[in-house]
Amino acid sequence: MATATVAKGAPGETLGAPPRPIRRFFDRHRNTLGAMAFISPWIIGFLVFTAWPMIYSFYLSLTDFDNINPPRFAGLANYRAMISDHTIPQALWNTFHFAIMSVPATIIVGLLLAMLLQRASRGNGFFRTVFFLPRMTPQVAVGVLFLMLFNGSRGIINQILGWFGITGPQWTVDSAWIRPGLVLMGLWTVGNTAIILLAALKDVPRELYESARVDGASSLRQFWSITLPLISPQIFFVFIVNSIASLQTFTEAYTAFFGNQANFSNDAALFYAIHIFETAFRNFRMGYASAMAWVLFLIIMIITAIQWRVSKRFVFYGGGGDE
Amino acid sequence: MSTLVAPTTDTVDVKVAKEHKRRANVRQRAGQIFTYTALSLVCIVFIYPLIWLVSASFKPRGQVFDNRLIPRTFQPENYRIIWEAAPVAQWLVNSLVITTLAALAVAASSALVAWGFTYFQFKWRDRLFALVLGTMMLPAVVTMIPEFLVWSGFGLVGINAPFNGTLPMWAHNLFGSAFYIFLLRQFFMRLPRDVFEAAKVDGAGNWRIFWQIGMPLARPALVVTILFEAQAAWTNLQRALIYLQDSSTFTVPRGLKAVVDRFGAGIGGEQNWELVMTAAVVTTLPLIILFFFGQKQFVDGIATTGSKG
């Protein structure tokens, strides 16, 4: 190769034999450089879409910003204003109340469904498909669909309750029943939780149950002492995933209760994510919304940290070597 | 395979064993009857809302709430009306394009990154990967506002921006996504290393090993990634509310929201819920069809998601 003709220090100089020190550098860090080439999309994405937005949003939370005029520094004014803003505790309460009902309900129902599915040898594929179909329905459609089904006077759900002599509540209007209604609506999409737990149940070694039965353990006892500990990693996984998701609930509640509808009482469905969205993109109070987002971020961090701590006592990772 | 197994019998008296077996069989039969009854009931609960939705979409106004599954008056014109009242076809095309780009982009970039974290050994690997996982915990609402400002800072937001401002709907996926990087890495780690070593000895470069050996082997995991992201992109409303400003660029969920606001709003007492239901059926169908084709991969993918690998 005509190494001599390549201008020294030219950017694309790779054909000729590079000067020794550079070559040594390349040889020594070959793996790192190769890896960096592959990882670079994520690194760029992390810097542009995560790290920078985090820093910038923290800065914005200290400003007045309407997305038109440049941000004006305001110190902690947004955070102070949040303290006296009664919609903030309202939205936080709505969100946590919903999450506290929805997460355990999802896991319990998901586990029951998974156990039923595990016992069904025939038609397993069919049942899994049916349980998963609601997941495929756009949440906007789910939101309006359940607005119909939950209708206080004419919806099917109250009609069925009526067969048992129960007068159903005004699900979509009564602020005490909007959130329980949304929890029930969420249970309709429990399919993926059930499937994760089903996979976990299948991994529990059969022999354990057999020897437990020989020892005379009841079904309930087997469930507590064998099933639950052995599937605890997956329970923990769905617990974390569902917690984060329910704290960010947006679409179903937003379609069902917000928009141009003036005739719905929506305070009970004003979840925190909706509140941030409305503040930022409807009222263009970007600084204030950023402060709200940061408060939520801190809360989620704290909750997740607690969950990890607590999980160490209850989650059982068999065979060591947790990857 | 049966779930209940009769106790081992070789040490006990044969008579007792037979009795045991008979009882076990009766119990098993009863258990199966209970299981299938319960599953069928749950099935009805899960499928009913969808059937109701389809049925309501064929009903005339005012009969939506009569809760019959077979409409008293059959009104298929709803579909023509909604087709003419709203650019539904346009929304479907928009969604199709954005969903395809989003799914392919995320699969390609995440596979690349996952490969980087699996195939290579380098100094900060595990710490860097922990950071990838850490970003999964980050709530999207925190970065929602600055991300919008990043896109608009690049001049990519708004109907006059390149591609009518639809780029922010999917282009972030070009940079990988923590969840899929995790998923694909779990898969790559299970591949036998000696195949790659052999290819290396034969003189294949990093890129070639990734592209010609790693990727083809990873096909099941890639299909799962594409299906997951297709579902997420197809149903995402929040992004669409933020970035799409003109009804000609709307995706399906955004369009559906517009239909709800217009026909379900109850302005002047006009509530055409049957049209909302019709629009919902039209926009739900494509995803359900996709699901039927990819059903097995989808469900298996979800099953592996929760495992620690």
# chains A, B, ... in the order shown; residues from 1 in each chain; ligands from 1
>>> closest_atom_pairs(of="chain A", to="chain B", cutoff="6 Å", atoms="only C-alpha atoms", output="CSV")
residue,atom,partner,partner_atom,distance
A:Asn31,CA,B:Phe120,CA,6.0
A:Thr32,CA,B:Phe122,CA,5.3
A:Ala35,CA,B:Gly116,CA,4.8
A:Phe38,CA,B:Gly116,CA,4.9
A:Ile39,CA,B:Val113,CA,4.4
A:Pro41,CA,B:Phe175,CA,4.6
A:Trp42,CA,B:Phe175,CA,5.0
A:Gly45,CA,B:Phe175,CA,4.9
A:Pro53,CA,B:Pro146,CA,4.7
A:Ser57,CA,B:Pro146,CA,5.6
A:Leu116,CA,B:Thr35,CA,5.9
A:Met136,CA,B:Ile288,CA,6.0
A:Thr137,CA,B:Thr284,CA,5.5
A:Pro138,CA,B:Thr235,CA,4.8
A:Ala141,CA,B:Ala280,CA,5.4
A:Ile195,CA,B:Ala303,CA,5.7
A:Ile196,CA,B:Ala303,CA,4.5
A:Ala199,CA,B:Ala303,CA,5.3
A:Gln234,CA,B:Gly306,CA,5.5
A:Asn260,CA,B:Asp261,CA,5.5
A:Gln261,CA,B:Ala265,CA,4.9
A:Ala293,CA,B:Val142,CA,4.8
>>> write_last_selection(atoms="N, CA, C and O atoms", output="PDB file, in the first residue's frame")
ATOM      1  N   ASN A  31     -11.100  -3.874  22.378  1.00  0.00           N
ATOM      2  CA  ASN A  31     -12.411  -4.283  22.882  1.00  0.00           C
ATOM      3  C   ASN A  31     -13.262  -3.101  23.276  1.00  0.00           C
ATOM      4  O   ASN A  31     -14.435  -3.011  22.947  1.00  0.00           O
ATOM      5  N   THR A  32     -12.646  -2.174  24.007  1.00  0.00           N
ATOM      6  CA  THR A  32     -13.401  -1.014  24.476  1.00  0.00           C
ATOM      7  C   THR A  32     -13.908  -0.200  23.296  1.00  0.00           C
ATOM      8  O   THR A  32     -15.072   0.204  23.268  1.00  0.00           O
ATOM      9  N   ALA A  35     -16.691  -2.004  21.536  1.00  0.00           N
ATOM     10  CA  ALA A  35     -17.899  -1.927  22.357  1.00  0.00           C
ATOM     11  C   ALA A  35     -18.521  -0.538  22.262  1.00  0.00           C
ATOM     12  O   ALA A  35     -19.733  -0.397  22.103  1.00  0.00           O
ATOM     13  N   PHE A  38     -20.613  -0.015  19.286  1.00  0.00           N
ATOM     14  CA  PHE A  38     -21.937  -0.637  19.374  1.00  0.00           C
ATOM     15  C   PHE A  38     -22.837   0.085  20.367  1.00  0.00           C
ATOM     16  O   PHE A  38     -24.038   0.186  20.173  1.00  0.00           O
ATOM     17  N   ILE A  39     -22.233   0.564  21.442  1.00  0.00           N
ATOM     18  CA  ILE A  39     -23.054   1.156  22.503  1.00  0.00           C
ATOM     19  C   ILE A  39     -23.398   2.608  22.217  1.00  0.00           C
ATOM     20  O   ILE A  39     -24.354   3.148  22.772  1.00  0.00           O
ATOM     21  N   PRO A  41     -25.122   4.397  20.206  1.00  0.00           N
ATOM     22  CA  PRO A  41     -26.491   4.936  20.111  1.00  0.00           C
ATOM     23  C   PRO A  41     -27.089   5.203  21.487  1.00  0.00           C
ATOM     24  O   PRO A  41     -27.694   6.250  21.727  1.00  0.00           O
ATOM     25  N   TRP A  42     -26.872   4.249  22.395  1.00  0.00           N
ATOM     26  CA  TRP A  42     -27.457   4.445  23.714  1.00  0.00           C
ATOM     27  C   TRP A  42     -26.804   5.629  24.431  1.00  0.00           C
ATOM     28  O   TRP A  42     -27.488   6.411  25.097  1.00  0.00           O
ATOM     29  N   GLY A  45     -28.177   8.765  23.045  1.00  0.00           N
ATOM     30  CA  GLY A  45     -29.562   8.875  23.498  1.00  0.00           C
ATOM     31  C   GLY A  45     -29.641   9.243  24.970  1.00  0.00           C
ATOM     32  O   GLY A  45     -30.451  10.078  25.373  1.00  0.00           O
ATOM     33  N   PRO A  53     -32.115  16.350  29.521  1.00  0.00           N
ATOM     34  CA  PRO A  53     -33.460  16.710  29.984  1.00  0.00           C
ATOM     35  C   PRO A  53     -33.597  16.757  31.505  1.00  0.00           C
ATOM     36  O   PRO A  53     -34.283  17.618  32.043  1.00  0.00           O
ATOM     37  N   SER A  57     -34.568  20.093  33.088  1.00  0.00           N
ATOM     38  CA  SER A  57     -35.863  20.178  33.745  1.00  0.00           C
ATOM     39  C   SER A  57     -35.686  20.652  35.188  1.00  0.00           C
ATOM     40  O   SER A  57     -36.541  21.362  35.716  1.00  0.00           O
ATOM     41  N   LEU A 116     -55.113 -20.658  37.593  1.00  0.00           N
ATOM     42  CA  LEU A 116     -56.162 -21.342  36.822  1.00  0.00           C
ATOM     43  C   LEU A 116     -55.598 -21.823  35.488  1.00  0.00           C
ATOM     44  O   LEU A 116     -55.814 -22.968  35.080  1.00  0.00           O
ATOM     45  N   MET A 136     -54.492  -5.411  23.714  1.00  0.00           N
ATOM     46  CA  MET A 136     -54.321  -4.978  22.329  1.00  0.00           C
ATOM     47  C   MET A 136     -55.270  -3.837  21.970  1.00  0.00           C
ATOM     48  O   MET A 136     -55.207  -3.295  20.889  1.00  0.00           O
ATOM     49  N   THR A 137     -56.190  -3.532  22.869  1.00  0.00           N
ATOM     50  CA  THR A 137     -57.143  -2.463  22.603  1.00  0.00           C
ATOM     51  C   THR A 137     -56.505  -1.142  23.027  1.00  0.00           C
ATOM     52  O   THR A 137     -56.039  -1.034  24.154  1.00  0.00           O
ATOM     53  N   PRO A 138     -56.467  -0.148  22.124  1.00  0.00           N
ATOM     54  CA  PRO A 138     -55.873   1.136  22.515  1.00  0.00           C
ATOM     55  C   PRO A 138     -56.534   1.675  23.781  1.00  0.00           C
ATOM     56  O   PRO A 138     -57.757   1.592  23.923  1.00  0.00           O
ATOM     57  N   ALA A 141     -59.595   3.729  23.537  1.00  0.00           N
ATOM     58  CA  ALA A 141     -60.828   2.990  23.318  1.00  0.00           C
ATOM     59  C   ALA A 141     -61.297   2.344  24.619  1.00  0.00           C
ATOM     60  O   ALA A 141     -62.498   2.354  24.930  1.00  0.00           O
ATOM     61  N   ILE A 195     -49.594 -13.689  32.611  1.00  0.00           N
ATOM     62  CA  ILE A 195     -48.729 -14.533  31.787  1.00  0.00           C
ATOM     63  C   ILE A 195     -47.311 -14.600  32.364  1.00  0.00           C
ATOM     64  O   ILE A 195     -46.677 -15.655  32.363  1.00  0.00           O
ATOM     65  N   ILE A 196     -46.832 -13.475  32.907  1.00  0.00           N
ATOM     66  CA  ILE A 196     -45.515 -13.499  33.557  1.00  0.00           C
ATOM     67  C   ILE A 196     -45.539 -14.465  34.745  1.00  0.00           C
ATOM     68  O   ILE A 196     -44.637 -15.284  34.937  1.00  0.00           O
ATOM     69  N   ALA A 199     -45.616 -18.132  33.722  1.00  0.00           N
ATOM     70  CA  ALA A 199     -44.299 -18.643  33.369  1.00  0.00           C
ATOM     71  C   ALA A 199     -43.509 -18.987  34.631  1.00  0.00           C
ATOM     72  O   ALA A 199     -42.795 -19.986  34.678  1.00  0.00           O
ATOM     73  N   GLN A 234     -40.526 -12.960  40.410  1.00  0.00           N
ATOM     74  CA  GLN A 234     -41.433 -12.468  39.375  1.00  0.00           C
ATOM     75  C   GLN A 234     -42.531 -11.600  39.976  1.00  0.00           C
ATOM     76  O   GLN A 234     -42.972 -10.626  39.366  1.00  0.00           O
ATOM     77  N   ASN A 260     -62.972  17.898  26.156  1.00  0.00           N
ATOM     78  CA  ASN A 260     -63.973  18.964  26.090  1.00  0.00           C
ATOM     79  C   ASN A 260     -65.175  18.705  26.979  1.00  0.00           C
ATOM     80  O   ASN A 260     -66.035  19.553  27.126  1.00  0.00           O
ATOM     81  N   GLN A 261     -65.220  17.509  27.540  1.00  0.00           N
ATOM     82  CA  GLN A 261     -66.393  17.192  28.341  1.00  0.00           C
ATOM     83  C   GLN A 261     -66.507  18.146  29.526  1.00  0.00           C
ATOM     84  O   GLN A 261     -65.632  18.186  30.377  1.00  0.00           O
ATOM     85  N   ALA A 293     -42.933  17.669  38.247  1.00  0.00           N
ATOM     86  CA  ALA A 293     -42.316  16.420  37.783  1.00  0.00           C
ATOM     87  C   ALA A 293     -41.191  15.999  38.715  1.00  0.00           C
ATOM     88  O   ALA A 293     -41.059  14.817  39.047  1.00  0.00           O
TER      89      ALA A 293
END
>>> atom_distance(atom1="CA of Phe58 in chain B", atom2="CA of Gly168 in chain A")
27.1 Å
>>> atom_distance(atom1="CA of Phe263 in chain B", atom2="CA of Ile159 in chain B")
24.9 Å
>>> select_by_dssp(residues="range 28-75 of chain B", states="alpha helix (DSSP H)", output="count of residues only")
30
